[in-house]
file protein_17.csv (CSV, C-alpha atoms)
chain,number,residue,atom,x,y,z
M,62,MET,CA,87.9,48.9,96.8
M,63,THR,CA,91.6,49.5,97.2
M,64,GLU,CA,93.2,49.9,100.7
M,65,ALA,CA,93.7,53.6,100.0
M,66,ALA,CA,90.1,54.1,99.0
M,67,ALA,CA,88.8,52.2,102.0
M,68,THR,CA,91.0,54.3,104.3
M,69,ALA,CA,89.7,57.6,102.7
M,70,THR,CA,86.1,56.4,103.1
M,71,LEU,CA,86.6,55.6,106.7
M,72,GLU,CA,88.3,59.0,107.4
M,73,SER,CA,85.4,60.8,105.8
M,74,LEU,CA,82.8,59.0,107.8
M,75,LEU,CA,84.7,59.4,111.0
M,76,MET,CA,84.5,63.2,110.5
M,77,THR,CA,80.8,63.3,109.7
M,78,ARG,CA,79.0,60.4,111.4
M,79,SER,CA,78.3,59.0,114.9
M,80,LEU,CA,80.8,56.4,116.0
M,81,SER,CA,77.9,54.0,116.2
M,82,ASP,CA,76.8,54.6,112.6
M,83,PRO,CA,76.4,51.2,110.8
M,84,GLU,CA,78.0,52.5,107.6
M,85,LEU,CA,81.0,53.8,109.6
M,86,ILE,CA,81.4,50.5,111.4
M,87,ALA,CA,81.3,48.6,108.1
M,88,ALA,CA,83.9,51.0,106.7
M,89,SER,CA,86.2,50.3,109.6
M,90,ASP,CA,85.8,46.6,109.0
M,91,ALA,CA,86.9,47.1,105.3
M,92,VAL,CA,90.3,48.5,106.3
M,93,PRO,CA,92.9,45.7,106.5
M,94,ASP,CA,94.2,44.9,110.0
M,95,HIS,CA,97.9,45.1,110.6
M,96,ARG,CA,99.3,42.1,112.4
M,97,ILE,CA,101.7,43.4,115.0
M,98,LEU,CA,103.4,40.1,116.0
M,99,PRO,CA,102.4,37.6,113.3
M,100,ASP,CA,105.2,35.1,114.1
M,101,VAL,CA,104.6,34.9,117.8
M,102,THR,CA,103.0,32.0,119.7
M,103,VAL,CA,101.0,32.8,122.8
M,104,LEU,CA,101.0,30.1,125.5
M,105,LYS,CA,98.9,30.1,128.6
M,106,VAL,CA,100.4,28.2,131.6
M,107,GLY,CA,97.5,27.1,133.7
M,108,GLY,CA,97.5,28.2,137.3
M,109,GLN,CA,95.5,25.3,138.8
M,110,SER,CA,96.6,22.9,136.1
M,111,LEU,CA,100.4,23.5,136.5
M,112,MET,CA,101.6,26.2,138.8
M,113,ASP,CA,99.7,24.9,141.8
M,114,ARG,CA,101.3,21.5,141.3
M,115,GLY,CA,104.8,22.8,142.0
M,116,ALA,CA,108.2,21.8,140.7
M,117,ALA,CA,107.2,18.4,139.4
M,118,ALA,CA,104.8,19.9,136.9
M,119,VAL,CA,106.4,23.4,136.3
M,120,HIS,CA,110.1,22.6,135.8
M,121,PRO,CA,109.6,20.3,132.8
M,122,VAL,CA,107.4,22.9,131.1
M,123,VAL,CA,110.0,25.6,131.8
M,124,GLU,CA,112.7,23.4,130.2
M,125,GLU,CA,110.5,23.0,127.1
M,126,LEU,CA,109.8,26.7,126.9
M,127,VAL,CA,113.5,27.6,127.3
M,128,ALA,CA,114.4,25.2,124.4
M,129,LEU,CA,111.5,26.5,122.3
M,130,LYS,CA,112.5,30.1,122.5
M,131,ARG,CA,115.7,29.3,120.6
M,132,THR,CA,113.6,28.7,117.5
M,133,HIS,CA,110.3,30.3,118.2
M,134,ARG,CA,109.1,33.6,119.6
M,135,LEU,CA,106.9,33.1,122.6
M,136,LEU,CA,104.5,35.1,124.8
M,137,ILE,CA,103.8,33.2,128.0
M,138,GLY,CA,100.7,34.1,130.0
M,139,THR,CA,100.0,32.8,133.5
M,140,GLY,CA,96.7,31.8,135.2
M,141,GLY,CA,95.6,32.4,138.8
M,142,GLY,CA,94.8,28.9,140.0
M,143,THR,CA,93.6,27.9,143.4
M,144,ARG,CA,94.8,31.0,145.2
M,145,ALA,CA,92.6,33.1,142.9
M,146,ARG,CA,89.6,30.9,143.7
M,147,HIS,CA,90.2,31.3,147.4
M,148,ALA,CA,90.5,35.1,147.0
M,149,TYR,CA,87.2,35.2,144.9
M,150,SER,CA,85.5,33.2,147.7
M,151,LEU,CA,86.6,35.6,150.4
M,152,ALA,CA,85.8,38.7,148.3
M,153,ALA,CA,82.3,37.4,147.4
M,154,GLU,CA,81.6,36.6,151.0
M,155,LEU,CA,82.5,40.2,151.9
M,156,GLY,CA,80.0,41.4,149.4
M,157,LEU,CA,82.6,43.0,147.0
M,158,PRO,CA,81.6,43.7,143.4
M,159,THR,CA,82.9,42.1,140.2
M,160,GLY,CA,85.4,44.8,139.5
M,161,VAL,CA,87.1,44.3,142.8
M,162,LEU,CA,87.3,40.6,142.3
M,163,SER,CA,88.9,41.2,138.9
M,164,ASP,CA,91.6,43.3,140.6
M,165,VAL,CA,92.2,40.6,143.1
M,166,GLY,CA,92.4,37.9,140.4
M,167,SER,CA,95.0,40.1,138.5
M,168,ALA,CA,97.2,40.2,141.6
M,169,VAL,CA,97.3,36.4,141.9
M,170,ALA,CA,98.0,35.8,138.2
M,171,GLY,CA,100.7,38.4,138.6
M,172,GLN,CA,102.3,36.4,141.4
M,173,ASN,CA,102.4,33.3,139.2
M,174,ALA,CA,104.0,35.4,136.4
M,175,THR,CA,106.6,36.6,138.9
M,176,MET,CA,107.4,33.1,140.0
M,177,LEU,CA,107.7,31.8,136.4
M,178,GLY,CA,109.8,34.8,135.6
M,179,TYR,CA,112.3,34.0,138.4
M,180,LEU,CA,112.5,30.4,137.1
M,181,MET,CA,113.3,31.7,133.6
M,182,ALA,CA,115.4,34.7,134.6
M,183,ARG,CA,118.8,33.1,134.0
M,184,HIS,CA,117.7,32.4,130.4
M,185,GLY,CA,117.0,36.1,129.9
M,186,VAL,CA,113.2,35.9,129.9
M,187,PRO,CA,111.5,39.0,131.4
M,188,VAL,CA,108.1,39.5,133.0
M,189,VAL,CA,106.2,42.4,131.3
M,190,GLY,CA,103.5,44.3,133.0
M,191,ALA,CA,100.3,45.3,131.3
M,192,GLY,CA,101.5,48.9,131.1
M,193,ALA,CA,104.7,48.0,129.3
M,194,PHE,CA,103.3,46.0,126.4
M,195,SER,CA,104.6,48.5,124.0
M,196,THR,CA,108.1,47.1,124.7
M,197,LEU,CA,107.1,43.5,123.8
M,198,ALA,CA,108.8,43.6,120.4
M,199,LEU,CA,112.1,44.6,122.0
M,200,TYR,CA,112.0,41.9,124.6
M,201,LEU,CA,111.1,39.3,122.0
M,202,GLN,CA,113.9,40.4,119.8
M,203,GLU,CA,116.4,40.2,122.6
M,204,SER,CA,115.2,37.1,124.4
M,205,GLY,CA,112.8,35.3,122.2
M,206,ALA,CA,110.2,35.1,125.0
M,207,ALA,CA,108.4,37.2,127.5
M,208,ILE,CA,106.0,36.4,130.4
M,209,PHE,CA,102.8,38.3,131.3
M,210,ALA,CA,100.0,37.9,133.8
M,211,GLY,CA,97.1,36.4,131.9
M,212,MET,CA,94.3,38.4,133.6
M,213,PRO,CA,93.0,41.0,131.2
M,214,PRO,CA,93.6,44.6,132.5
M,215,TYR,CA,89.9,45.3,133.0
M,216,ASP,CA,90.2,45.6,136.8
M,217,MET,CA,87.3,47.8,138.0
M,218,TRP,CA,85.9,47.9,134.4
M,219,GLN,CA,85.4,44.2,134.1
M,220,ARG,CA,82.1,43.3,132.5
M,221,VAL,CA,79.4,42.5,135.1
M,222,PRO,CA,78.2,38.9,134.7
M,223,ALA,CA,74.6,38.0,134.2
M,224,ALA,CA,74.6,36.3,137.6
M,225,GLY,CA,76.9,36.3,140.5
M,226,VAL,CA,80.1,38.4,140.9
M,227,ILE,CA,82.9,36.1,139.6
M,228,PRO,CA,84.7,38.0,136.8
M,229,PRO,CA,83.7,36.4,133.5
M,230,TYR,CA,86.8,37.4,131.6
M,231,ARG,CA,89.7,35.8,133.4
M,232,THR,CA,93.1,34.5,132.4
M,233,ASP,CA,92.1,32.2,129.5
M,234,ALA,CA,90.3,35.2,127.9
M,235,GLY,CA,93.1,37.5,128.7
M,236,CYS,CA,95.7,35.4,127.0
M,237,TYR,CA,93.4,35.0,123.9
M,238,LEU,CA,92.9,38.7,123.8
M,239,VAL,CA,96.7,39.2,123.7
M,240,ALA,CA,97.0,36.7,120.8
M,241,GLU,CA,94.2,38.2,118.8
M,242,THR,CA,95.0,41.9,119.4
M,243,TYR,CA,98.7,41.4,118.4
M,244,GLY,CA,97.7,39.2,115.4
M,245,CYS,CA,99.8,36.3,116.7
M,246,ALA,CA,100.3,33.0,114.9
M,247,ASN,CA,98.9,30.6,117.5
M,248,MET,CA,97.2,30.4,120.9
M,249,ILE,CA,98.0,27.3,123.0
M,250,TYR,CA,96.5,26.5,126.4
M,251,ILE,CA,98.7,24.3,128.6
M,252,LYS,CA,96.4,22.4,130.9
M,253,ASP,CA,96.5,19.2,132.9
M,254,GLU,CA,94.2,17.2,130.5
M,255,ASP,CA,94.7,16.0,127.0
M,256,GLY,CA,92.2,18.5,125.8
M,257,LEU,CA,88.4,18.9,125.8
M,258,TYR,CA,86.0,16.2,126.9
M,259,THR,CA,82.2,15.8,127.0
M,260,ALA,CA,82.5,15.8,130.8
M,261,ASN,CA,85.2,16.3,133.4
M,262,PRO,CA,87.4,13.2,133.0
M,263,LYS,CA,88.7,13.7,136.6
M,264,ASN,CA,85.4,12.6,138.0
M,265,ASP,CA,83.5,11.0,135.1
M,266,ALA,CA,84.8,7.8,133.6
M,267,ASN,CA,82.4,8.0,130.7
M,268,ALA,CA,83.8,11.3,129.5
M,269,THR,CA,84.7,11.2,125.8
M,270,PHE,CA,87.6,13.0,124.3
M,271,ILE,CA,86.9,15.7,121.6
M,272,PRO,CA,89.9,16.1,119.2
M,273,GLU,CA,88.4,18.9,117.2
M,274,VAL,CA,85.3,21.1,117.3
M,275,THR,CA,84.0,24.5,116.1
M,276,VAL,CA,82.9,27.2,118.5
M,277,ASP,CA,79.3,26.9,117.4
M,278,GLU,CA,79.3,23.1,117.8
M,279,LEU,CA,80.8,23.5,121.3
M,280,ILE,CA,78.3,26.1,122.3
M,281,ALA,CA,75.4,23.9,121.0
M,282,MET,CA,76.7,21.0,123.1
M,283,ASP,CA,76.1,23.1,126.3
M,284,LEU,CA,78.6,21.0,128.2
M,285,PRO,CA,78.5,21.4,132.0
M,286,ASP,CA,82.2,21.7,132.3
M,287,LEU,CA,84.8,23.2,129.9
M,288,VAL,CA,88.5,23.2,130.1
M,289,VAL,CA,88.6,26.8,128.8
M,290,GLU,CA,86.6,29.8,130.0
M,291,ARG,CA,83.3,30.1,128.1
M,292,PRO,CA,83.9,33.8,127.1
M,293,VAL,CA,86.8,32.7,125.0
M,294,LEU,CA,84.3,31.1,122.7
M,295,GLU,CA,82.4,34.4,122.2
M,296,LEU,CA,85.7,36.2,121.6
M,297,MET,CA,86.6,33.6,118.9
M,298,ARG,CA,83.3,34.2,117.1
M,299,HIS,CA,84.6,37.7,116.2
M,300,ALA,CA,88.2,36.7,115.6
M,301,ARG,CA,90.1,38.2,112.7
M,302,HIS,CA,93.5,36.5,113.2
M,303,VAL,CA,93.5,33.8,115.8
M,304,ARG,CA,90.7,31.6,114.5
M,305,SER,CA,91.7,28.4,116.3
M,306,VAL,CA,93.2,27.5,119.7
M,307,GLN,CA,94.7,24.3,120.9
M,308,ILE,CA,94.5,22.7,124.4
M,309,VAL,CA,97.4,20.4,125.3
M,310,ASN,CA,98.5,18.4,128.3
M,311,GLY,CA,101.5,20.1,129.9
M,312,LEU,CA,102.1,17.1,132.2
M,313,LYS,CA,103.1,15.0,129.2
M,314,PRO,CA,106.6,15.8,128.1
M,315,GLY,CA,107.1,17.0,124.5
M,316,LEU,CA,103.5,17.9,123.7
M,317,VAL,CA,104.0,21.7,124.2
M,318,THR,CA,106.9,21.5,121.8
M,319,ARG,CA,105.0,19.6,119.2
M,320,ALA,CA,102.0,21.9,119.5
M,321,VAL,CA,104.1,25.0,118.9
M,322,ALA,CA,105.6,23.3,115.9
M,323,GLY,CA,102.1,23.0,114.5
M,324,GLU,CA,101.1,19.4,115.4
M,325,HIS,CA,97.6,18.5,116.4
M,326,VAL,CA,98.3,16.9,119.8
M,327,GLY,CA,95.3,17.9,121.9
M,328,THR,CA,92.0,19.5,121.2
M,329,ILE,CA,91.6,22.2,118.5
M,330,ILE,CA,88.7,24.6,118.8
M,331,ARG,CA,88.0,26.5,115.5
M,332,SER,CA,86.0,29.7,115.1
M,333,SER,CA,84.2,28.1,112.1
M,334,THR,CA,84.5,25.1,109.8
call {"tool": "encode", "arguments": {"input": "protein_17.csv", "output": "structure tokens"}}
result
Amino acid sequence: MTEAAATATLESLLMTRSLSDPELIAASDAVPDHRILPDVTVLKVGGQSLMDRGAAAVHPVVEELVALKRTHRLLIGTGGGTRARHAYSLAAELGLPTGVLSDVGSAVAGQNATMLGYLMARHGVPVVGAGAFSTLALYLQESGAAIFAGMPPYDMWQRVPAAGVIPPYRTDAGCYLVAETYGCANMIYIKDEDGLYTANPKNDANATFIPEVTVDELIAMDLPDLVVERPVLELMRHARHVRSVQIVNGLKPGLVTRAVAGEHVGTIIRSST
């Protein structure tokens, strides 16, 4: 079926069927997606991994990002880190629901975005709020990079988890959603570990490094600790554009640059083989 025919079929079904109709859903899947920012790399700067460590960890990464934006277009998301965890603890103790915790987490990720923005301000890199994402293309054209708070803008509409009240979709998921929605080229998580391990290498000397793995393989492993949020794996199962992510160690100089250039320098998680 040609693109024009697929579009015509979809339009006809939209006018006559329920939005949950299986044939309509299949028809919407047949219409090609338009990649909005296909040459952009999304990078997530970890809150606990990097921002919480202060200047010694953050300044070298900032220098790499400033150099990279001369040759690559970058969207830089920020995590919440330890302050977000403290806020979640207080909010949960007060008996507040998941949606409120999501709002609180967004504020902390926004604080980290603001700090990173001030560090990169003299290089012309702006911080873009969730309500101003329609201007991303302009900022990228002018500056080569833009910063955003990684928490997805669910706020009170955050999905309720099966257990507890901690928001399941946090900054790792938010950054991935930006990359997938905009049809970006790459999604790179800048952490404080070389990548994914079979256990937490910070407290388990027997942890084994995993250089490459598929989403299904990783879910089957049922590891007790993951360096990325588990909902990212579910999002990747339905990916159309960003079908792999890479986790790199931002504390090792040069690895971020090499990852953006396409090198395999950490752990790559693929949506399928």
call {"tool": "atom_distance", "arguments": {"input": "protein_17.csv", "atom1": "CA of Arg131 in chain M", "atom2": "CA of Val106 in chain M"}}
result
18.9 Å
call {"tool": "closest_residue", "arguments": {"input": "protein_17.csv", "among": "M:Val288, M:Ile308, M:Cys245, M:Leu71", "to": "Asp100 in chain M", "atoms": "all atoms listed in the file"}}
result
M:Cys245
call {"tool": "atom_distance", "arguments": {"input": "protein_17.csv", "atom1": "CA of Gln307 in chain M", "atom2": "CA of Thr328 in chain M"}}
result
5.5 Å
call {"tool": "closest_residue", "arguments": {"input": "protein_17.csv", "among": "M:Leu80, M:Ala198, M:Met297, M:Ile97", "to": "Tyr237 in chain M", "atoms": "all atoms listed in the file"}}
result
M:Met297
call {"tool": "residues_around", "arguments": {"input": "protein_17.csv", "residues": "Val122 in chain M", "least_positions_apart": "5", "cutoff": "8 Å", "atoms": "only C-alpha atoms", "output": "ChimeraX atom specification"}}
result
/M:311-312,314,317
call {"tool": "atom_distance", "arguments": {"input": "protein_17.csv", "atom1": "CA of Tyr258 in chain M", "atom2": "CA of Ile271 in chain M"}}
result
5.4 Å
call {"tool": "closest_residue", "arguments": {"input": "protein_17.csv", "among": "M:Leu287, M:Val101, M:Met62, M:Leu197", "to": "His133 in chain M", "atoms": "only C-alpha atoms"}}
result
M:Val101
call {"tool": "closest_residue", "arguments": {"input": "protein_17.csv", "among": "M:Met181, M:Ala65, M:Leu238, M:Met212", "to": "Ala128 in chain M", "atoms": "all atoms listed in the file"}}
result
M:Met181
call {"tool": "closest_residue", "arguments": {"input": "protein_17.csv", "among": "M:Ala182, M:Ala223, M:Ile208, M:Leu284", "to": "Thr159 in chain M", "atoms": "all atoms listed in the file"}}
result
M:Ala223
call {"tool": "residues_near_point", "arguments": {"input": "protein_17.csv", "point": "(90.7, 51.7, 102.0)", "cutoff": "10 Å", "atoms": "all atoms listed in the file", "output": "list of chain:residue names"}}
result
M:Met62, M:Thr63, M:Glu64, M:Ala65, M:Ala66, M:Ala67, M:Thr68, M:Ala69, M:Thr70, M:Leu71, M:Glu72, M:Ala88, M:Ser89, M:Asp90, M:Ala91, M:Val92, M:Pro93
call {"tool": "write_last_selection", "arguments": {"input": "protein_17.csv", "atoms": "C-alpha atoms", "output": "compact mmCIF listing (two decimals), in the frame of the given file"}}
result
# COMPACT_ATOMS: atom_id res chain seq x y z
CA MET M 62 87.90 48.90 96.80
CA THR M 63 91.60 49.50 97.20
CA GLU M 64 93.20 49.90 100.70
CA ALA M 65 93.70 53.60 100.00
CA ALA M 66 90.10 54.10 99.00
CA ALA M 67 88.80 52.20 102.00
CA THR M 68 91.00 54.30 104.30
CA ALA M 69 89.70 57.60 102.70
CA THR M 70 86.10 56.40 103.10
CA LEU M 71 86.60 55.60 106.70
CA GLU M 72 88.30 59.00 107.40
CA ALA M 88 83.90 51.00 106.70
CA SER M 89 86.20 50.30 109.60
CA ASP M 90 85.80 46.60 109.00
CA ALA M 91 86.90 47.10 105.30
CA VAL M 92 90.30 48.50 106.30
CA PRO M 93 92.90 45.70 106.50
call {"tool": "closest_residue", "arguments": {"input": "protein_17.csv", "among": "M:Met176, M:Leu162, M:Val289, M:Ala266", "to": "Pro228 in chain M", "atoms": "all atoms listed in the file"}}
result
M:Leu162
call {"tool": "decode", "arguments": {"input": "protein_17.csv", "residues": "range 163-279 of chain M", "atoms": "C-alpha atoms", "output": "tab-separated table (two decimals), in the first residue's frame"}}
result
chain	number	residue	atom	x	y	z
M	163	SER	CA	5.87	13.07	40.36
M	164	ASP	CA	5.35	16.84	40.61
M	165	VAL	CA	7.94	17.06	43.38
M	166	GLY	CA	10.44	15.00	41.36
M	167	SER	CA	9.94	17.29	38.37
M	168	ALA	CA	10.91	20.29	40.50
M	169	VAL	CA	14.20	18.70	41.56
M	170	ALA	CA	15.14	17.63	38.02
M	171	GLY	CA	14.32	21.19	37.00
M	172	GLN	CA	16.75	22.54	39.59
M	173	ASN	CA	19.52	20.41	38.12
M	174	ALA	CA	18.62	21.60	34.63
M	175	THR	CA	18.83	25.20	35.84
M	176	MET	CA	22.28	24.65	37.38
M	177	LEU	CA	23.56	22.92	34.26
M	178	GLY	CA	22.08	25.75	32.22
M	179	TYR	CA	24.02	28.37	34.17
M	180	LEU	CA	27.24	26.39	33.66
M	181	MET	CA	26.65	26.32	29.90
M	182	ALA	CA	25.07	29.77	29.55
M	183	ARG	CA	28.20	31.52	28.28
M	184	HIS	CA	28.29	28.97	25.47
M	185	GLY	CA	24.76	29.94	24.43
M	186	VAL	CA	23.03	26.76	25.62
M	187	PRO	CA	19.47	27.44	26.90
M	188	VAL	CA	17.24	25.54	29.32
M	189	VAL	CA	13.92	24.70	27.65
M	190	GLY	CA	10.80	24.07	29.72
M	191	ALA	CA	8.34	21.31	28.89
M	192	GLY	CA	5.85	23.86	27.59
M	193	ALA	CA	8.35	25.32	25.13
M	194	PHE	CA	9.46	22.16	23.32
M	195	SER	CA	8.01	23.50	20.08
M	196	THR	CA	11.00	25.89	20.02
M	197	LEU	CA	13.61	23.14	20.26
M	198	ALA	CA	14.47	23.24	16.57
M	199	LEU	CA	15.22	26.96	16.80
M	200	TYR	CA	17.46	26.56	19.84
M	201	LEU	CA	19.30	23.65	18.25
M	202	GLN	CA	19.81	25.62	15.05
M	203	GLU	CA	21.17	28.63	16.95
M	204	SER	CA	23.18	26.93	19.68
M	205	GLY	CA	23.65	23.28	18.75
M	206	ALA	CA	22.32	22.16	22.13
M	207	ALA	CA	19.52	22.64	24.64
M	208	ILE	CA	18.92	21.46	28.21
M	209	PHE	CA	15.68	20.09	29.66
M	210	ALA	CA	14.54	18.55	32.94
M	211	GLY	CA	14.35	14.81	32.39
M	212	MET	CA	11.18	14.10	34.37
M	213	PRO	CA	8.31	13.36	31.95
M	214	PRO	CA	5.55	15.99	32.22
M	215	TYR	CA	3.00	13.56	33.67
M	216	ASP	CA	2.79	15.34	37.04
M	217	MET	CA	-0.60	14.46	38.56
M	218	TRP	CA	-1.30	12.11	35.63
M	219	GLN	CA	1.66	9.83	36.36
M	220	ARG	CA	0.76	6.16	36.03
M	221	VAL	CA	0.02	4.64	39.43
M	222	PRO	CA	2.53	1.86	40.22
M	223	ALA	CA	1.44	-1.66	41.13
M	224	ALA	CA	2.90	-1.19	44.61
M	225	GLY	CA	3.96	1.83	46.63
M	226	VAL	CA	3.75	5.47	45.56
M	227	ILE	CA	7.15	6.16	43.92
M	228	PRO	CA	6.58	7.46	40.35
M	229	PRO	CA	7.55	4.61	37.98
M	230	TYR	CA	8.30	6.93	35.03
M	231	ARG	CA	11.13	9.19	36.15
M	232	THR	CA	14.03	10.94	34.42
M	233	ASP	CA	15.52	7.96	32.55
M	234	ALA	CA	12.10	7.28	31.06
M	235	GLY	CA	11.46	10.96	30.40
M	236	CYS	CA	14.67	11.38	28.43
M	237	TYR	CA	13.98	8.23	26.43
M	238	LEU	CA	10.47	9.46	25.61
M	239	VAL	CA	11.95	12.70	24.24
M	240	ALA	CA	14.38	10.74	22.06
M	241	GLU	CA	11.69	8.40	20.74
M	242	THR	CA	8.98	11.03	20.25
M	243	TYR	CA	11.30	13.31	18.28
M	244	GLY	CA	12.78	10.42	16.29
M	245	CYS	CA	16.29	11.24	17.47
M	246	ALA	CA	19.45	9.46	16.36
M	247	ASN	CA	20.73	8.22	19.73
M	248	MET	CA	19.93	7.97	23.44
M	249	ILE	CA	22.92	7.97	25.80
M	250	TYR	CA	22.75	7.71	29.58
M	251	ILE	CA	25.71	9.33	31.36
M	252	LYS	CA	26.13	7.48	34.65
M	253	ASP	CA	28.90	6.80	37.17
M	254	GLU	CA	29.44	3.17	36.11
M	255	ASP	CA	30.90	1.63	32.95
M	256	GLY	CA	27.48	0.30	32.09
M	257	LEU	CA	25.20	-2.53	33.13
M	258	TYR	CA	26.30	-5.29	35.55
M	259	THR	CA	24.72	-8.47	36.87
M	260	ALA	CA	24.69	-6.79	40.30
M	261	ASN	CA	25.57	-3.42	41.75
M	262	PRO	CA	29.37	-3.18	41.36
M	263	LYS	CA	29.51	-0.60	44.15
M	264	ASN	CA	28.74	-3.28	46.76
M	265	ASP	CA	29.22	-6.62	44.99
M	266	ALA	CA	32.74	-7.60	43.93
M	267	ASN	CA	31.36	-10.51	41.89
M	268	ALA	CA	29.28	-8.29	39.62
M	269	THR	CA	29.92	-9.07	35.93
M	270	PHE	CA	29.91	-6.42	33.22
M	271	ILE	CA	27.31	-6.81	30.44
M	272	PRO	CA	28.57	-5.11	27.23
M	273	GLU	CA	25.44	-5.75	25.14
M	274	VAL	CA	21.99	-7.18	25.78
M	275	THR	CA	18.46	-7.12	24.36
M	276	VAL	CA	15.46	-5.87	26.30
M	277	ASP	CA	13.90	-9.34	26.46
M	278	GLU	CA	17.16	-10.88	27.66
M	279	LEU	CA	17.52	-8.22	30.33
